[in-house]
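Take a look at the structure below.
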Amino acid sequence: MKRIVLMGVLWLTLFISSRTLAETMFRHSPEPGIPTGHMLYEQHCLRCHGVALDGKGPDADSLKIPPANFHLYLSRLKDDADLIKTIKEGRRFLGMHNWEDTFSDEQIHDLILYIRRSAPSVK
């Protein structure tokens with residue numbers, strides 16, 4: 001019985017330690033724009049693009065054209081210049097707002113950095 005309890009405590013300790021390490025690495029990442037990009041994404045993009053950056057946000061069903069799924073190969077093909085243009089100008093007739101008057105260039109860079117790091121590509 002002691003062995004089972006000890007193993008459970010060990011696994012719990014490892015789980016908590018690995019989660020704490022991951023959170024610390026994210027907060028203190030060498031790319032300081034990621035937390036700002038995350039905050040901007042949650043405030044302005046999540047409703048359409050979703051928590052998982054998969055285009056399945058709570059407002060996605062109300063749009064005629066589904067929002068971009070940042071995990072897909074075609075989304076990953078876009079370079080930063082394409083994403084900057086899309087964020088600044090929006091996508092006419094697709095429901096994507098323009099954000100040029102809302103975000104600074106640095107905020108757009110942080111947002112792109114967050115999207116690139118948080119949405120691994122799927123095959």
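Ligands are numbered from 1 in the order shown, chains are lettered A, B, ... in the order of the structure tokens, and residues start at 1 in each chain.
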- Shell of 9 Å around Gly95 (chain A), only C-alpha atoms, local chain residues under 5 positions omitted, as a list of chain:residue names: A:Leu63, A:Lys64, A:Ile65, A:Pro66, A:Pro67, A:Gly90
Keeping C-alpha atoms for every residue in the selection just given, could you write it to a file as a CSV table (one decimal), in the first residue's frame?
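File selection.csv, as written:
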```
chain,number,residue,atom,x,y,z
A,63,LEU,CA,-20.0,33.6,-40.6
A,64,LYS,CA,-20.6,32.5,-44.2
A,65,ILE,CA,-17.0,31.7,-44.6
A,66,PRO,CA,-15.3,29.9,-41.7
A,67,PRO,CA,-12.4,31.7,-40.0
A,90,GLY,CA,-9.0,42.5,-42.9
```
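Within 12 Å of Arg91 (chain A), once only C-alpha atoms are used and residues closer than 5 positions along the same chain are dropped, the contacting residues are Ile65, Pro67, Ala68, Asp82, Leu83, Ile84, Lys85, Thr86, Met96, His97, Asn98 and Trp99 of chain A.
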Filtering to N, CA and C atoms, could you give me those residues as a PDB file, in the first residue's frame?
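And here's result-v8.pdb as it stands now:
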```
ATOM      1  N   ILE A  65     -18.236  32.350 -44.364  1.00  0.00           N
ATOM      2  CA  ILE A  65     -16.957  31.687 -44.637  1.00  0.00           C
ATOM      3  C   ILE A  65     -16.296  31.409 -43.289  1.00  0.00           C
ATOM      4  N   PRO A  67     -13.672  31.035 -40.303  1.00  0.00           N
ATOM      5  CA  PRO A  67     -12.396  31.691 -40.012  1.00  0.00           C
ATOM      6  C   PRO A  67     -11.228  30.736 -40.248  1.00  0.00           C
ATOM      7  N   ALA A  68     -10.058  31.304 -40.431  1.00  0.00           N
ATOM      8  CA  ALA A  68      -8.864  30.493 -40.684  1.00  0.00           C
ATOM      9  C   ALA A  68      -8.581  29.560 -39.508  1.00  0.00           C
ATOM     10  N   ASP A  82       2.077  38.497 -45.451  1.00  0.00           N
ATOM     11  CA  ASP A  82       0.671  38.167 -45.758  1.00  0.00           C
ATOM     12  C   ASP A  82      -0.209  38.335 -44.527  1.00  0.00           C
ATOM     13  N   LEU A  83       0.278  37.838 -43.392  1.00  0.00           N
ATOM     14  CA  LEU A  83      -0.506  37.942 -42.160  1.00  0.00           C
ATOM     15  C   LEU A  83      -0.647  39.398 -41.710  1.00  0.00           C
ATOM     16  N   ILE A  84       0.412  40.169 -41.827  1.00  0.00           N
ATOM     17  CA  ILE A  84       0.343  41.593 -41.462  1.00  0.00           C
ATOM     18  C   ILE A  84      -0.707  42.292 -42.304  1.00  0.00           C
ATOM     19  N   LYS A  85      -0.681  42.042 -43.599  1.00  0.00           N
ATOM     20  CA  LYS A  85      -1.658  42.660 -44.514  1.00  0.00           C
ATOM     21  C   LYS A  85      -3.084  42.254 -44.143  1.00  0.00           C
ATOM     22  N   THR A  86      -3.285  40.965 -43.872  1.00  0.00           N
ATOM     23  CA  THR A  86      -4.619  40.478 -43.516  1.00  0.00           C
ATOM     24  C   THR A  86      -5.101  41.100 -42.211  1.00  0.00           C
ATOM     25  N   MET A  96     -13.623  39.090 -41.836  1.00  0.00           N
ATOM     26  CA  MET A  96     -12.430  39.430 -41.051  1.00  0.00           C
ATOM     27  C   MET A  96     -12.335  40.947 -40.946  1.00  0.00           C
ATOM     28  N   HIS A  97     -12.355  41.438 -39.709  1.00  0.00           N
ATOM     29  CA  HIS A  97     -12.245  42.875 -39.466  1.00  0.00           C
ATOM     30  C   HIS A  97     -10.858  43.383 -39.837  1.00  0.00           C
ATOM     31  N   ASN A  98     -10.784  44.683 -40.116  1.00  0.00           N
ATOM     32  CA  ASN A  98      -9.448  45.277 -40.235  1.00  0.00           C
ATOM     33  C   ASN A  98      -9.062  45.810 -38.866  1.00  0.00           C
ATOM     34  N   TRP A  99      -7.799  45.664 -38.525  1.00  0.00           N
ATOM     35  CA  TRP A  99      -7.324  46.019 -37.187  1.00  0.00           C
ATOM     36  C   TRP A  99      -6.242  47.091 -37.218  1.00  0.00           C
TER      37      TRP A  99
END
```
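Note that the spacing between CA of His109 (chain A) and CA of Ser62 (chain A) amounts to 28.1 Å.
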- Message: I'd like the contact shell of Asp80 (chain A) - 12 Å cut-off, only C-alpha atoms, skipping same-chain residues fewer than 4 positions apart - returned as a list of chain:residue names.
- Response: A:Ser75, A:Arg76, A:Ile84, A:Lys85, A:Thr86, A:Ile87, A:Lys88, A:Asp105, A:Ile108, A:His109, A:Asp110, A:Leu111, A:Ile112, A:Leu113, A:Ile115, A:Arg116
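Those residues of region 62-99 of chain A that DSSP, working from the backbone, places in alpha helix (DSSP H) are Tyr73, Leu74, Ser75, Arg76, Leu77, Asp80, Ala81, Asp82, Leu83, Ile84, Lys85, Thr86, Ile87, Lys88 and Glu89 of chain A.
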Can I get the selection written as a PDB file, in the first residue's frame, with N, CA and C atoms?
```pdb
ATOM      1  N   TYR A  73      -2.122  23.481 -43.132  1.00  0.00           N
ATOM      2  CA  TYR A  73      -0.963  23.725 -43.972  1.00  0.00           C
ATOM      3  C   TYR A  73      -1.087  25.050 -44.740  1.00  0.00           C
ATOM      4  N   LEU A  74      -2.254  25.325 -45.300  1.00  0.00           N
ATOM      5  CA  LEU A  74      -2.415  26.551 -46.084  1.00  0.00           C
ATOM      6  C   LEU A  74      -2.233  27.802 -45.229  1.00  0.00           C
ATOM      7  N   SER A  75      -2.656  27.757 -43.989  1.00  0.00           N
ATOM      8  CA  SER A  75      -2.429  28.890 -43.092  1.00  0.00           C
ATOM      9  C   SER A  75      -0.953  29.032 -42.774  1.00  0.00           C
ATOM     10  N   ARG A  76      -0.264  27.920 -42.666  1.00  0.00           N
ATOM     11  CA  ARG A  76       1.162  27.944 -42.336  1.00  0.00           C
ATOM     12  C   ARG A  76       2.008  28.438 -43.510  1.00  0.00           C
ATOM     13  N   LEU A  77       1.468  28.359 -44.732  1.00  0.00           N
ATOM     14  CA  LEU A  77       2.204  28.822 -45.909  1.00  0.00           C
ATOM     15  C   LEU A  77       2.328  30.344 -45.968  1.00  0.00           C
ATOM     16  N   ASP A  80       4.898  36.257 -42.931  1.00  0.00           N
ATOM     17  CA  ASP A  80       4.513  37.337 -42.020  1.00  0.00           C
ATOM     18  C   ASP A  80       3.901  38.523 -42.760  1.00  0.00           C
ATOM     19  N   ALA A  81       4.423  38.836 -43.942  1.00  0.00           N
ATOM     20  CA  ALA A  81       3.886  39.968 -44.718  1.00  0.00           C
ATOM     21  C   ALA A  81       2.415  39.732 -45.077  1.00  0.00           C
ATOM     22  N   ASP A  82       2.077  38.497 -45.451  1.00  0.00           N
ATOM     23  CA  ASP A  82       0.671  38.167 -45.758  1.00  0.00           C
ATOM     24  C   ASP A  82      -0.209  38.335 -44.527  1.00  0.00           C
ATOM     25  N   LEU A  83       0.278  37.838 -43.392  1.00  0.00           N
ATOM     26  CA  LEU A  83      -0.506  37.942 -42.160  1.00  0.00           C
ATOM     27  C   LEU A  83      -0.647  39.398 -41.710  1.00  0.00           C
ATOM     28  N   ILE A  84       0.412  40.169 -41.827  1.00  0.00           N
ATOM     29  CA  ILE A  84       0.343  41.593 -41.462  1.00  0.00           C
ATOM     30  C   ILE A  84      -0.707  42.292 -42.304  1.00  0.00           C
ATOM     31  N   LYS A  85      -0.681  42.042 -43.599  1.00  0.00           N
ATOM     32  CA  LYS A  85      -1.658  42.660 -44.514  1.00  0.00           C
ATOM     33  C   LYS A  85      -3.084  42.254 -44.143  1.00  0.00           C
ATOM     34  N   THR A  86      -3.285  40.965 -43.872  1.00  0.00           N
ATOM     35  CA  THR A  86      -4.619  40.478 -43.516  1.00  0.00           C
ATOM     36  C   THR A  86      -5.101  41.100 -42.211  1.00  0.00           C
ATOM     37  N   ILE A  87      -4.230  41.162 -41.226  1.00  0.00           N
ATOM     38  CA  ILE A  87      -4.625  41.732 -39.938  1.00  0.00           C
ATOM     39  C   ILE A  87      -4.925  43.226 -40.090  1.00  0.00           C
ATOM     40  N   LYS A  88      -4.072  43.935 -40.799  1.00  0.00           N
ATOM     41  CA  LYS A  88      -4.274  45.381 -40.952  1.00  0.00           C
ATOM     42  C   LYS A  88      -5.501  45.707 -41.792  1.00  0.00           C
ATOM     43  N   GLU A  89      -5.654  45.030 -42.927  1.00  0.00           N
ATOM     44  CA  GLU A  89      -6.709  45.382 -43.877  1.00  0.00           C
ATOM     45  C   GLU A  89      -7.984  44.566 -43.731  1.00  0.00           C
TER      46      GLU A  89
END
```
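Near Arg117 (chain A), within a cut-off of 12 Å and counting only C-alpha atoms, sit the residues Phe26, Ser29, Glu31, Gly33, Ile34, Pro35, Gly37, His38, Leu53, Phe70, His71, Arg76, Asp110, Leu111, Ile112, Leu113, Tyr114, Ile115, Ala119, Pro120 and Ser121 of chain A, with same-chain residues fewer than 2 positions away left out.
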What would the file look like if the residues just selected were written as a PDB file, in the first residue's frame with C-alpha atoms?
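Written output follows (again.pdb):
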```pdb
ATOM      1  CA  PHE A  26       6.130  30.499 -21.513  1.00  0.00           C
ATOM      2  CA  SER A  29      10.337  33.021 -22.955  1.00  0.00           C
ATOM      3  CA  GLU A  31      10.386  35.904 -27.196  1.00  0.00           C
ATOM      4  CA  GLY A  33       5.995  39.308 -27.360  1.00  0.00           C
ATOM      5  CA  ILE A  34       4.225  35.985 -26.910  1.00  0.00           C
ATOM      6  CA  PRO A  35       2.306  36.943 -23.718  1.00  0.00           C
ATOM      7  CA  GLY A  37       0.159  38.311 -28.510  1.00  0.00           C
ATOM      8  CA  HIS A  38      -1.758  35.804 -26.382  1.00  0.00           C
ATOM      9  CA  LEU A  53      -6.734  28.530 -33.014  1.00  0.00           C
ATOM     10  CA  PHE A  70      -4.091  28.330 -38.059  1.00  0.00           C
ATOM     11  CA  HIS A  71      -3.074  24.666 -37.761  1.00  0.00           C
ATOM     12  CA  ARG A  76       1.162  27.944 -42.336  1.00  0.00           C
ATOM     13  CA  ASP A 110       3.375  39.906 -31.140  1.00  0.00           C
ATOM     14  CA  LEU A 111       0.070  38.477 -32.347  1.00  0.00           C
ATOM     15  CA  ILE A 112       1.722  36.712 -35.291  1.00  0.00           C
ATOM     16  CA  LEU A 113       4.448  35.390 -32.995  1.00  0.00           C
ATOM     17  CA  TYR A 114       1.811  33.971 -30.647  1.00  0.00           C
ATOM     18  CA  ILE A 115      -0.110  32.342 -33.507  1.00  0.00           C
ATOM     19  CA  ALA A 119      -0.665  26.552 -33.549  1.00  0.00           C
ATOM     20  CA  PRO A 120       1.566  23.671 -34.617  1.00  0.00           C
ATOM     21  CA  SER A 121       0.854  22.494 -38.119  1.00  0.00           C
TER      22      SER A 121
END
```
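The closest residue to Lys56 (chain A), picked from A:Glu100, A:Gln43, A:Pro32, A:Asn69 and counting only C-alpha atoms, is A:Asn69.
Put simply, CA of Ala60 (chain A) is 10.8 Å away from CA of Cys45 (chain A).
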